[in-house]
$ cat start15.tsv   # TSV, C-alpha atoms
chain	number	residue	atom	x	y	z
A	7	MET	CA	47.27	120.71	108.92
A	8	PRO	CA	50.74	119.21	108.24
A	9	TYR	CA	52.28	122.30	109.85
A	10	VAL	CA	50.14	121.80	112.95
A	11	LEU	CA	51.36	118.21	113.31
A	12	VAL	CA	54.99	119.30	112.95
A	13	ALA	CA	54.39	122.07	115.51
A	14	ILE	CA	52.89	119.59	118.00
A	15	MET	CA	55.77	117.14	117.50
A	16	ALA	CA	58.36	119.90	117.93
A	17	SER	CA	56.59	121.27	121.02
A	18	ILE	CA	56.50	117.88	122.72
A	19	CYS	CA	60.23	117.48	122.01
A	20	ILE	CA	61.02	120.98	123.35
A	21	TYR	CA	59.03	120.21	126.51
A	22	ALA	CA	60.89	116.93	127.02
A	23	ALA	CA	64.29	118.51	126.36
A	24	LEU	CA	63.61	121.32	128.87
A	25	PHE	CA	61.67	119.62	131.67
A	26	LYS	CA	62.75	115.98	131.78
A	27	SER	CA	65.55	115.30	134.25
A	28	ASN	CA	66.88	112.13	132.58
A	29	LEU	CA	69.77	112.92	130.22
A	30	PHE	CA	68.87	110.06	127.89
A	31	LYS	CA	65.31	111.39	127.52
A	32	LYS	CA	66.68	114.85	126.78
A	33	MET	CA	68.92	113.39	124.08
A	34	LEU	CA	66.01	111.47	122.53
A	35	ALA	CA	63.91	114.65	122.56
A	36	ILE	CA	66.63	116.60	120.73
A	37	PHE	CA	66.97	113.79	118.18
A	38	LEU	CA	63.21	113.69	117.57
A	39	MET	CA	63.14	117.48	117.22
A	40	THR	CA	65.62	117.07	114.35
A	41	ASP	CA	63.16	114.61	112.81
A	42	ALA	CA	60.33	117.14	113.19
A	43	VAL	CA	62.39	119.72	111.29
A	44	ASN	CA	63.23	117.12	108.61
A	45	LEU	CA	59.51	116.40	108.28
A	46	LEU	CA	58.92	120.12	107.78
A	47	PHE	CA	61.48	120.15	104.96
A	48	ILE	CA	59.82	117.20	103.23
A	49	ILE	CA	56.38	118.77	103.55
A	50	GLN	CA	57.72	122.00	102.08
A	51	GLY	CA	59.27	120.17	99.13
A	52	TYR	CA	56.15	118.29	98.11
A	53	ARG	CA	54.40	119.07	94.82
A	54	LEU	CA	50.64	118.70	94.34
A	55	GLY	CA	49.28	116.64	91.46
A	56	ASN	CA	51.16	113.78	89.80
A	57	ALA	CA	54.47	114.34	91.57
A	58	ILE	CA	57.42	112.08	90.78
A	59	PRO	CA	60.68	111.57	92.73
A	60	PRO	CA	63.61	113.85	91.79
A	61	ILE	CA	65.19	111.18	89.54
A	62	ILE	CA	64.72	111.90	85.84
A	63	PRO	CA	63.25	108.87	84.00
A	64	PRO	CA	65.13	107.83	80.82
A	65	GLY	CA	64.06	109.86	77.80
A	66	MET	CA	62.02	112.46	79.70
A	67	ASP	CA	62.37	116.09	78.67
A	68	PRO	CA	64.13	118.16	81.39
A	69	SER	CA	61.44	120.88	81.24
A	70	GLU	CA	58.69	118.33	81.83
A	71	PHE	CA	60.74	116.75	84.63
A	72	ALA	CA	61.28	120.16	86.29
A	73	SER	CA	57.53	120.81	86.18
A	74	ILE	CA	56.40	117.55	87.85
A	75	ALA	CA	59.21	116.38	90.19
A	76	VAL	CA	59.31	117.20	93.90
A	77	ASP	CA	61.80	119.73	95.22
A	78	PRO	CA	65.24	118.04	95.47
A	79	LEU	CA	66.53	120.72	97.85
A	80	ALA	CA	64.25	119.46	100.60
A	81	HIS	CA	65.60	115.93	100.24
A	82	TYR	CA	69.16	117.24	100.13
A	83	PHE	CA	68.69	119.21	103.39
A	84	VAL	CA	67.20	116.16	105.09
A	85	VAL	CA	70.15	113.94	104.06
A	86	THR	CA	72.56	116.55	105.43
A	87	ALA	CA	70.55	117.01	108.64
A	88	VAL	CA	70.32	113.26	109.28
A	89	VAL	CA	74.08	112.85	109.13
A	90	ILE	CA	74.71	115.81	111.41
A	91	GLY	CA	72.03	114.49	113.77
A	92	LEU	CA	73.82	111.15	113.90
A	93	ALA	CA	77.13	112.81	114.77
A	94	GLU	CA	75.32	114.81	117.46
A	95	VAL	CA	73.68	111.69	118.94
A	96	ALA	CA	77.02	109.85	118.94
A	97	THR	CA	78.68	112.66	120.88
A	98	LEU	CA	75.76	113.02	123.29
A	99	THR	CA	75.71	109.27	123.94
A	100	ALA	CA	79.41	109.31	124.74
A	101	LEU	CA	78.84	112.28	127.06
A	102	ILE	CA	76.00	110.50	128.85
A	103	ILE	CA	78.09	107.35	129.34
A	104	TYR	CA	80.95	109.49	130.63
A	105	THR	CA	78.57	111.33	133.01
A	106	TYR	CA	77.24	108.03	134.32
A	107	LYS	CA	80.75	106.71	134.94
A	108	HIS	CA	81.68	109.91	136.79
A	109	TYR	CA	78.49	110.53	138.82
A	110	GLY	CA	76.85	107.11	138.94
A	111	THR	CA	73.56	108.57	137.66
A	112	ILE	CA	72.13	110.34	134.61
A	113	GLU	CA	69.39	112.16	136.52
A	114	THR	CA	70.19	115.86	136.49
A	115	LYS	CA	68.33	116.44	139.79
A	116	LYS	CA	70.56	113.90	141.57
A	117	ILE	CA	73.71	115.26	139.92
A	118	LYS	CA	72.79	118.76	141.17
A	119	GLU	CA	72.42	117.42	144.72
A	120	LEU	CA	75.85	115.80	144.73
A	121	ARG	CA	78.43	117.76	146.59
A	122	GLY	CA	82.16	117.39	145.96
B	29	MET	CA	49.02	115.97	143.83
B	30	LYS	CA	52.25	117.37	142.52
B	31	ASP	CA	52.24	114.98	139.52
B	32	TRP	CA	48.88	116.03	138.03
B	33	ARG	CA	49.77	119.71	138.37
B	34	ALA	CA	53.06	119.10	136.59
B	35	SER	CA	51.16	117.20	133.86
B	36	ILE	CA	48.70	120.06	133.38
B	37	LEU	CA	51.53	122.57	133.19
B	38	GLY	CA	53.25	120.32	130.66
B	39	VAL	CA	50.14	120.11	128.48
B	40	PHE	CA	49.68	123.89	128.73
B	41	PHE	CA	53.32	124.40	127.69
B	42	ILE	CA	52.92	122.08	124.69
B	43	VAL	CA	49.69	123.79	123.57
B	44	LEU	CA	51.28	127.23	123.94
B	45	MET	CA	54.44	126.24	122.06
B	46	SER	CA	52.41	124.51	119.31
B	47	SER	CA	50.34	127.67	118.85
B	48	ILE	CA	53.44	129.85	118.60
B	49	LEU	CA	55.05	127.51	116.07
B	50	THR	CA	51.85	127.18	114.01
B	51	TYR	CA	51.58	130.98	113.91
B	52	ALA	CA	55.21	131.14	112.76
B	53	PHE	CA	54.53	128.55	110.03
B	54	LEU	CA	51.69	130.72	108.61
B	55	GLY	CA	54.38	132.80	106.94
B	56	TYR	CA	55.74	129.80	105.06
B	57	PRO	CA	55.06	129.34	101.33
B	58	GLU	CA	52.03	127.34	100.26
B	59	ILE	CA	52.57	123.58	100.22
B	60	GLY	CA	52.58	121.90	96.83
B	61	PHE	CA	54.65	124.31	94.75
B	62	VAL	CA	58.36	123.96	94.07
B	63	ARG	CA	60.51	127.07	94.33
B	64	PRO	CA	62.39	128.40	91.24
B	65	LEU	CA	65.76	127.28	92.67
B	66	GLY	CA	64.50	123.70	92.99
B	67	GLU	CA	63.18	123.81	89.41
B	68	PHE	CA	66.57	125.12	88.24
B	69	TYR	CA	68.30	122.09	89.75
B	70	LEU	CA	65.68	119.69	88.34
B	71	PHE	CA	65.98	121.22	84.85
B	72	ASN	CA	69.78	121.20	84.73
B	73	THR	CA	70.85	118.11	86.63
B	74	TYR	CA	70.69	115.80	83.59
B	75	ASN	CA	70.21	118.04	80.56
B	76	PHE	CA	72.08	116.64	77.53
B	77	GLU	CA	71.10	119.48	75.19
B	78	ASN	CA	72.35	122.21	77.52
B	79	GLN	CA	75.31	121.02	79.59
B	80	SER	CA	76.32	124.44	80.93
B	81	TRP	CA	75.02	123.62	84.41
B	82	TRP	CA	74.50	119.89	84.34
B	83	SER	CA	75.82	117.48	86.98
B	84	ALA	CA	75.58	114.31	84.81
B	85	SER	CA	73.43	112.74	87.53
B	86	PRO	CA	69.84	111.68	86.79
B	87	ASN	CA	69.29	111.72	90.56
B	88	ALA	CA	68.90	115.42	91.34
B	89	VAL	CA	69.55	114.91	95.07
B	90	THR	CA	72.93	113.24	94.40
B	91	GLY	CA	73.80	115.99	91.96
B	92	LEU	CA	72.98	118.53	94.66
B	93	LEU	CA	74.99	116.65	97.27
B	94	TRP	CA	78.34	116.60	95.48
B	95	ASP	CA	78.03	119.09	92.63
B	96	TYR	CA	75.72	122.05	93.19
B	97	ARG	CA	76.11	122.12	96.98
B	98	GLY	CA	79.34	120.14	97.28
B	99	TYR	CA	80.91	122.49	99.82
B	100	ASP	CA	77.98	122.01	102.22
B	101	THR	CA	78.46	118.26	101.99
B	102	LEU	CA	82.21	118.64	102.50
B	103	TYR	CA	81.68	120.60	105.71
B	104	GLU	CA	79.08	118.12	106.84
B	105	THR	CA	81.65	115.36	106.33
B	106	MET	CA	84.01	117.32	108.57
B	107	VAL	CA	81.28	117.66	111.21
B	108	PHE	CA	80.78	113.90	111.17
B	109	TYR	CA	84.53	113.35	111.46
B	110	VAL	CA	84.72	115.70	114.46
B	111	GLY	CA	81.76	113.91	116.10
B	112	ILE	CA	83.48	110.54	115.84
B	113	ALA	CA	86.77	112.07	117.02
B	114	ALA	CA	84.93	113.43	120.09
B	115	VAL	CA	83.54	109.95	120.85
B	116	ALA	CA	87.03	108.45	120.45
B	117	MET	CA	88.45	111.07	122.83
B	118	PHE	CA	86.00	110.09	125.57
B	119	PHE	CA	87.08	106.47	125.32
B	120	GLU	CA	90.82	106.97	125.11
B	121	GLY	CA	92.69	104.08	126.69
B	122	HIS	CA	90.06	101.44	125.96
B	123	ALA	CA	90.53	97.74	126.75
B	124	LYS	CA	91.99	95.37	124.19
B	125	LEU	CA	89.41	93.45	122.15
B	126	ARG	CA	88.97	89.88	123.48
B	127	LYS	CA	87.02	87.06	121.92
B	128	THR	CA	84.08	85.83	123.95
B	129	GLY	CA	81.51	83.11	123.23
B	130	GLY	CA	79.10	84.94	120.96
B	131	MET	CA	75.64	83.57	120.21
B	132	THR	CA	74.47	80.16	118.97
B	133	VAL	CA	76.14	78.44	116.00
B	134	ILE	CA	73.10	79.14	113.77
B	135	VAL	CA	73.25	82.86	114.52
B	136	ARG	CA	77.02	82.97	114.02
B	137	SER	CA	76.84	81.14	110.65
B	138	SER	CA	73.96	83.32	109.44
B	139	ALA	CA	75.84	86.45	110.49
B	140	ARG	CA	78.87	85.41	108.46
B	141	LEU	CA	76.69	84.87	105.35
B	142	ILE	CA	74.66	88.02	105.82
B	143	PHE	CA	77.82	90.07	106.32
B	144	VAL	CA	78.82	89.54	102.68
B	145	PHE	CA	75.35	90.43	101.39
B	146	ILE	CA	75.15	93.58	103.52
B	147	ILE	CA	78.55	94.83	102.33
B	148	THR	CA	77.54	94.13	98.70
B	149	SER	CA	74.29	95.99	99.25
B	150	ALA	CA	76.19	98.95	100.73
B	151	PHE	CA	78.45	99.11	97.66
B	152	ALA	CA	75.47	98.84	95.30
B	153	ILE	CA	73.57	101.63	97.04
B	154	THR	CA	76.65	103.85	96.85
B	155	ILE	CA	77.67	103.13	93.26
B	156	PHE	CA	74.16	103.43	91.81
B	157	SER	CA	73.36	106.61	93.74
B	158	ILE	CA	73.34	108.65	90.53
B	159	LYS	CA	70.45	106.60	89.17
B	160	THR	CA	68.56	105.45	92.29
B	161	PRO	CA	68.03	106.83	95.80
B	162	GLY	CA	71.14	106.28	97.88
B	163	GLY	CA	74.64	107.58	98.34
B	164	GLY	CA	77.78	107.46	100.42
B	165	PHE	CA	76.04	108.22	103.72
B	166	GLN	CA	73.39	105.59	103.22
B	167	GLY	CA	75.93	103.01	101.97
B	168	GLY	CA	78.25	103.74	104.90
B	169	SER	CA	75.43	103.33	107.42
B	170	ILE	CA	74.53	99.97	105.87
B	171	MET	CA	78.20	98.91	105.88
B	172	ALA	CA	78.38	99.69	109.60
B	173	ILE	CA	75.35	97.45	110.21
B	174	ALA	CA	77.33	94.50	108.80
B	175	TYR	CA	80.03	95.04	111.44
B	176	ILE	CA	77.44	95.59	114.16
B	177	ALA	CA	75.86	92.25	113.24
B	178	ILE	CA	79.29	90.63	113.67
B	179	ILE	CA	79.81	92.40	117.03
B	180	VAL	CA	76.42	91.25	118.29
B	181	SER	CA	76.50	87.66	117.01
B	182	LEU	CA	80.17	86.71	117.23
B	183	SER	CA	81.46	89.19	119.86
B	184	ARG	CA	83.64	92.29	119.55
B	185	GLY	CA	86.82	90.25	119.81
B	186	PHE	CA	86.05	88.56	116.48
B	187	LEU	CA	86.72	91.72	114.51
B	188	PRO	CA	90.53	91.54	114.80
B	189	GLU	CA	90.29	88.12	113.06
B	190	MET	CA	88.64	90.00	110.20
B	191	ASN	CA	91.64	92.32	110.29
B	192	LEU	CA	89.65	95.18	111.80
B	193	ASP	CA	90.14	96.89	115.15
B	194	VAL	CA	89.70	100.50	116.27
B	195	GLU	CA	93.08	101.66	114.97
B	196	LYS	CA	92.63	100.01	111.54
B	197	ALA	CA	89.10	101.40	111.30
B	198	HIS	CA	90.57	104.87	111.98
B	199	LEU	CA	93.09	104.35	109.17
B	200	ALA	CA	90.34	103.20	106.76
B	201	LYS	CA	88.24	106.24	107.73
B	202	ILE	CA	91.19	108.52	107.02
B	203	ALA	CA	91.71	106.76	103.65
B	204	GLY	CA	88.10	107.58	102.73
B	205	LEU	CA	88.62	111.20	103.76
B	206	ALA	CA	91.89	111.31	101.78
B	207	LEU	CA	90.01	110.18	98.66
B	208	ILE	CA	87.48	112.99	99.18
B	209	ALA	CA	90.27	115.51	99.82
B	210	GLY	CA	92.18	114.33	96.74
B	211	LEU	CA	89.17	114.70	94.44
B	212	THR	CA	88.56	118.16	95.92
B	213	ILE	CA	92.12	119.34	95.30
B	214	VAL	CA	92.72	117.84	91.80
B	215	PRO	CA	90.96	120.73	89.98
B	216	VAL	CA	93.07	123.26	91.94
B	217	VAL	CA	96.28	121.44	90.98
B	218	TYR	CA	95.11	121.33	87.36
B	219	SER	CA	94.40	125.05	87.48
B	220	LEU	CA	97.85	125.83	88.90
B	221	ALA	CA	99.56	123.56	86.35
B	222	SER	CA	97.63	124.69	83.26
B	223	GLY	CA	96.96	128.31	84.15
B	224	SER	CA	93.23	127.91	83.39
B	225	ALA	CA	90.47	128.57	85.89
B	226	ALA	CA	89.16	125.72	88.05
B	227	TYR	CA	87.79	125.57	91.55
B	228	ALA	CA	87.99	123.11	94.41
B	229	LEU	CA	85.46	120.29	94.18
B	230	GLN	CA	84.60	121.25	90.60
B	231	ASN	CA	82.78	118.37	88.91
B	232	LEU	CA	82.10	119.27	85.30
B	233	PRO	CA	83.32	121.98	82.87
B	234	LYS	CA	81.80	125.42	83.04
B	235	ALA	CA	81.99	128.26	80.50
B	236	TRP	CA	84.69	130.02	82.51
B	237	ALA	CA	86.39	126.89	83.93
B	238	PRO	CA	87.20	124.11	81.41
B	239	PHE	CA	88.25	121.43	83.93
B	240	GLY	CA	85.92	118.46	84.28
B	241	TYR	CA	85.98	114.85	85.43
B	242	PRO	CA	84.96	112.28	82.76
B	243	THR	CA	81.25	111.61	82.64
B	244	PHE	CA	81.34	108.43	80.61
B	245	LEU	CA	83.72	105.55	81.25
B	246	GLY	CA	84.24	104.39	77.70
B	247	PHE	CA	81.70	101.60	77.85
B	248	ALA	CA	78.89	104.20	77.88
B	249	SER	CA	78.15	103.83	81.57
B	250	LEU	CA	77.22	107.04	83.31
B	251	SER	CA	79.73	107.97	85.98
B	252	GLY	CA	78.47	111.38	87.07
B	253	GLY	CA	81.95	112.88	87.03
B	254	LEU	CA	83.49	112.79	90.51
B	255	ILE	CA	80.24	111.75	92.17
B	256	ILE	CA	80.78	107.96	92.30
B	257	PRO	CA	84.40	108.03	93.56
B	258	ILE	CA	83.59	110.66	96.15
B	259	GLN	CA	80.53	108.69	97.27
B	260	LEU	CA	82.79	105.64	97.75
B	261	GLY	CA	85.14	107.74	99.90
B	262	GLU	CA	82.15	108.96	101.88
B	263	MET	CA	80.86	105.40	102.30
B	264	ILE	CA	84.16	104.21	103.76
B	265	HIS	CA	84.39	107.28	106.01
B	266	VAL	CA	80.84	106.96	107.38
B	267	GLY	CA	80.93	103.16	107.62
B	268	MET	CA	84.20	103.07	109.53
B	269	GLY	CA	83.12	106.05	111.67
B	270	PHE	CA	80.00	104.21	112.83
B	271	THR	CA	81.97	101.00	113.38
B	272	ILE	CA	84.48	102.86	115.57
B	273	MET	CA	81.62	104.47	117.47
B	274	PHE	CA	79.85	101.18	118.20
B	275	LEU	CA	83.11	99.44	119.09
B	276	LEU	CA	84.05	102.16	121.57
B	277	LEU	CA	80.58	102.50	123.08
B	278	THR	CA	80.45	98.75	123.80
B	279	LEU	CA	83.99	98.39	125.14
B	280	LYS	CA	84.84	98.18	128.83
B	281	ASP	CA	87.31	100.50	130.51
B	282	LYS	CA	90.97	99.63	130.56
B	283	GLU	CA	91.02	99.23	134.32
B	284	ASP	CA	88.16	96.65	134.39

$ encode --input "start15.tsv" --output "structure tokens"
Amino acid sequence: MPYVLVAIMASICIYAALFKSNLFKKMLAIFLMTDAVNLLFIIQGYRLGNAIPPIIPPGMDPSEFASIAVDPLAHYFVVTAVVIGLAEVATLTALIIYTYKHYGTIETKKIKELRG
Amino acid sequence: MKDWRASILGVFFIVLMSSILTYAFLGYPEIGFVRPLGEFYLFNTYNFENQSWWSASPNAVTGLLWDYRGYDTLYETMVFYVGIAAVAMFFEGHAKLRKTGGMTVIVRSSARLIFVFIITSAFAITIFSIKTPGGGFQGGSIMAIAYIAIIVSLSRGFLPEMNLDVEKAHLAKIAGLALIAGLTIVPVVYSLASGSAAYALQNLPKAWAPFGYPTFLGFASLSGGLIIPIQLGEMIHVGMGFTIMFLLLTLKDKED
């Protein structure tokens, strides 16, 4: 079930990125697709039962901690992906502003129709 | 007529793509079980009895970020730097910052007070990242929010009065990166000077490489080796990067 929800979210984002003509909507779709992948990582890293965060409580035995904590790799990948996503959104936003200043529109259909 | 056909095609596309992705996910491991590599990191991240692979960080994610997978984080830092540099390139030749009215006196006074609390919170989240969720990225993002609050409530032109404009923010960002670069290179310099093995971005001693940053600061406070200083460098880099980005994105062109 969690995989189905991630698949639906990713599919909607892929549809929007491919078929929407507004550059801002495309950028939002790409950003949300990153979030769908991050959600997939978190789902993958979850542990059933009495799971605890990947921060060892004082005095706990490392073996016990390793057997009940969630996967820290998933959280690590999400932190990395979020930062890269932010850099990507910053660059895309600058590109969109630059496109608007140059063409006067951010609709790809209208940009295609413009002739030099 | 054209709109409802486009909608139906869109729904069909989404259903088709969801099915393909769900089929692809069937090959994934079962949810609820942690892989052996994850258990290795959990077991070793703060293991006093066996310090061969420990990172001196009770927070396993922070230990992963700057110890076990430090190179990945280093390259990610470079990606962020290049992203901000790309934004700065698009807005080359921006207008000089000018003070404008800003918002009401209540908002301006509150913003000045909140600014101090937000910066303190950013430092706390960064410094305590080895014991609680947080880190340099998170602290830097929060630090940038303090400056955004000033931009929104007091105007962009107020930042030079706080001794911060785009050029100074660039310098501060580079200082953060220099701290990260310095901590990365110190083990290499030690290795060249002493003739013993050490590798770039090495945090703690290994059996084959004796170099290690101190893990306790004398008053028995856990420092996590190089993790806290490098997180501070990351905080400054990310915070100033976001501040530059928001300053440039809200500035008018030079010719306006």

$ residues_near_point --input "start15.tsv" --point "(47.9, 115.3, 93.2)" --cutoff "12 Å" --atoms "only C-alpha atoms" --output "list in words"
Tyr52, Arg53, Leu54, Gly55, Asn56, Ala57, Ile58, Ile74, Ala75 and Val76 of chain A; Ile59, Gly60 and Phe61 of chain B

$ residues_around --input "start15.tsv" --residues "Gln259 of chain B" --least-positions-apart "4" --cutoff "12 Å" --atoms "all atoms listed in the file" --output "MDAnalysis selection string"
chainID B and resid 90:91 93:95 98 101:102 105 150:158 162:168 204:205 207:208 211 251:255 263:267

$ closest_atom_pairs --input "start15.tsv" --of "chain A" --to "chain B" --cutoff "8 Å" --atoms "all atoms listed in the file" --output "JSON lines"
{"residue": "A:Tyr9", "atom": "CA", "partner": "B:Thr50", "partner_atom": "CA", "distance": 6.4}
{"residue": "A:Val10", "atom": "CA", "partner": "B:Thr50", "partner_atom": "CA", "distance": 5.7}
{"residue": "A:Ala13", "atom": "CA", "partner": "B:Ser46", "partner_atom": "CA", "distance": 4.9}
{"residue": "A:Ile14", "atom": "CA", "partner": "B:Ser46", "partner_atom": "CA", "distance": 5.1}
{"residue": "A:Ala16", "atom": "CA", "partner": "B:Ser46", "partner_atom": "CA", "distance": 7.7}
{"residue": "A:Ser17", "atom": "CA", "partner": "B:Ile42", "partner_atom": "CA", "distance": 5.3}
{"residue": "A:Ile18", "atom": "CA", "partner": "B:Ile42", "partner_atom": "CA", "distance": 5.9}
{"residue": "A:Tyr21", "atom": "CA", "partner": "B:Ile42", "partner_atom": "CA", "distance": 6.6}
{"residue": "A:Ile49", "atom": "CA", "partner": "B:Ile59", "partner_atom": "CA", "distance": 7.0}
{"residue": "A:Gln50", "atom": "CA", "partner": "B:Ile59", "partner_atom": "CA", "distance": 5.7}
{"residue": "A:Gly51", "atom": "CA", "partner": "B:Val62", "partner_atom": "CA", "distance": 6.4}
{"residue": "A:Tyr52", "atom": "CA", "partner": "B:Gly60", "partner_atom": "CA", "distance": 5.2}
{"residue": "A:Arg53", "atom": "CA", "partner": "B:Gly60", "partner_atom": "CA", "distance": 3.9}
{"residue": "A:Leu54", "atom": "CA", "partner": "B:Gly60", "partner_atom": "CA", "distance": 4.5}
{"residue": "A:Pro60", "atom": "CA", "partner": "B:Ala88", "partner_atom": "CA", "distance": 5.5}
{"residue": "A:Ile61", "atom": "CA", "partner": "B:Asn87", "partner_atom": "CA", "distance": 4.3}
{"residue": "A:Ile62", "atom": "CA", "partner": "B:Pro86", "partner_atom": "CA", "distance": 5.2}
{"residue": "A:Pro63", "atom": "CA", "partner": "B:Pro86", "partner_atom": "CA", "distance": 7.7}
{"residue": "A:Pro68", "atom": "CA", "partner": "B:Phe71", "partner_atom": "CA", "distance": 5.0}
{"residue": "A:Ser69", "atom": "CA", "partner": "B:Phe71", "partner_atom": "CA", "distance": 5.8}
{"residue": "A:Phe71", "atom": "CA", "partner": "B:Leu70", "partner_atom": "CA", "distance": 6.8}
{"residue": "A:Ala72", "atom": "CA", "partner": "B:Leu70", "partner_atom": "CA", "distance": 4.9}
{"residue": "A:Ser73", "atom": "CA", "partner": "B:Glu67", "partner_atom": "CA", "distance": 7.2}
{"residue": "A:Ala75", "atom": "CA", "partner": "B:Leu70", "partner_atom": "CA", "distance": 7.5}
{"residue": "A:Val76", "atom": "CA", "partner": "B:Val62", "partner_atom": "CA", "distance": 6.8}
{"residue": "A:Asp77", "atom": "CA", "partner": "B:Gly66", "partner_atom": "CA", "distance": 5.3}
{"residue": "A:Pro78", "atom": "CA", "partner": "B:Val89", "partner_atom": "CA", "distance": 5.3}
{"residue": "A:Leu79", "atom": "CA", "partner": "B:Gly66", "partner_atom": "CA", "distance": 6.1}
{"residue": "A:His81", "atom": "CA", "partner": "B:Val89", "partner_atom": "CA", "distance": 6.6}
{"residue": "A:Tyr82", "atom": "CA", "partner": "B:Val89", "partner_atom": "CA", "distance": 5.6}
{"residue": "A:Thr86", "atom": "CA", "partner": "B:Glu104", "partner_atom": "CA", "distance": 6.9}
{"residue": "A:Val89", "atom": "CA", "partner": "B:Phe108", "partner_atom": "CA", "distance": 7.1}
{"residue": "A:Ile90", "atom": "CA", "partner": "B:Phe108", "partner_atom": "CA", "distance": 6.4}
{"residue": "A:Leu92", "atom": "CA", "partner": "B:Phe108", "partner_atom": "CA", "distance": 8.0}
{"residue": "A:Ala93", "atom": "CA", "partner": "B:Gly111", "partner_atom": "CA", "distance": 4.9}
{"residue": "A:Glu94", "atom": "CA", "partner": "B:Gly111", "partner_atom": "CA", "distance": 6.6}
{"residue": "A:Ala96", "atom": "CA", "partner": "B:Val115", "partner_atom": "CA", "distance": 6.8}
{"residue": "A:Thr97", "atom": "CA", "partner": "B:Val115", "partner_atom": "CA", "distance": 5.6}
{"residue": "A:Ala100", "atom": "CA", "partner": "B:Val115", "partner_atom": "CA", "distance": 5.7}
{"residue": "A:Leu101", "atom": "CA", "partner": "B:Phe118", "partner_atom": "CA", "distance": 7.6}
{"residue": "A:Tyr104", "atom": "CA", "partner": "B:Phe118", "partner_atom": "CA", "distance": 7.2}

$ residues_near_point --input "start15.tsv" --point "(66.9, 123.9, 111.5)" --cutoff "12 Å" --atoms "only C-alpha atoms" --output "ChimeraX atom specification"
/A:16,36,39-47,83-84,86-88,90-91

$ axis_aligned_box --input "start15.tsv" --around "segment 39-47 of chain A" --padding-each-side "4 Å" --output "AutoDock Vina command-line options"
--center_x 62.3 --center_y 117.4 --center_z 111.1 --size_x 14.7 --size_y 13.5 --size_z 20.3

$ residues_around --input "start15.tsv" --residues "Ile147 of chain B" --least-positions-apart "6" --cutoff "8 Å" --atoms "all atoms listed in the file" --output "PyMOL selection string"
chain B and resi 170-171+174

$ write_last_selection --input "start15.tsv" --atoms "C-alpha atoms" --output "PDB file, in the frame of the given file"
ATOM      1  CA  ILE B 170      74.530  99.970 105.870  1.00  0.00           C
ATOM      2  CA  MET B 171      78.200  98.910 105.880  1.00  0.00           C
ATOM      3  CA  ALA B 174      77.330  94.500 108.800  1.00  0.00           C
TER       4      ALA B 174
END

$ atom_distance --input "start15.tsv" --atom1 "atom CA of Ala226 of chain B" --atom2 "atom CA of Thr212 of chain B"
10.9 Å

$ atom_distance --input "start15.tsv" --atom1 "atom CA of Ile256 of chain B" --atom2 "atom CA of Ala225 of chain B"
23.7 Å

$ atom_distance --input "start15.tsv" --atom1 "atom CA of Ala172 of chain B" --atom2 "atom CA of Leu98 of chain A"
19.3 Å

$ closest_residue --input "start15.tsv" --among "B:Leu182, B:Ile176, B:Ile258, B:Ile142" --to "Ala209 of chain B" --atoms "only C-alpha atoms"
B:Ile258

$ closest_residue --input "start15.tsv" --among "A:Leu29, A:Val12, A:Leu38, A:Met7" --to "Tyr106 of chain A" --atoms "only C-alpha atoms"
A:Leu29

$ residues_around --input "start15.tsv" --residues "Ile179 of chain B" --least-positions-apart "5" --cutoff "10 Å" --atoms "all atoms listed in the file" --output "short mmCIF file (atom, residue, chain, number, x, y, z; two decimals) with C-alpha atoms, in the coordinates of the input"
data_model
loop_
_atom_site.label_atom_id
_atom_site.label_comp_id
_atom_site.auth_asym_id
_atom_site.auth_seq_id
_atom_site.Cartn_x
_atom_site.Cartn_y
_atom_site.Cartn_z
CA GLY B 130 79.10 84.94 120.96
CA ALA B 139 75.84 86.45 110.49
CA ILE B 173 75.35 97.45 110.21
CA ALA B 174 77.33 94.50 108.80
CA ARG B 184 83.64 92.29 119.55
CA GLY B 185 86.82 90.25 119.81
CA PHE B 186 86.05 88.56 116.48
CA LEU B 187 86.72 91.72 114.51
CA THR B 271 81.97 101.00 113.38
CA PHE B 274 79.85 101.18 118.20
CA LEU B 275 83.11 99.44 119.09
CA THR B 278 80.45 98.75 123.80
#

$ residues_around --input "start15.tsv" --residues "Asn28 of chain A" --least-positions-apart "3" --cutoff "6 Å" --atoms "all atoms listed in the file" --output "PyMOL selection string"
chain A and resi 31+112-113

$ closest_residue --input "start15.tsv" --among "B:Tyr99, B:Phe145, B:Tyr175, B:Trp81" --to "Ala237 of chain B" --atoms "only C-alpha atoms"
B:Trp81
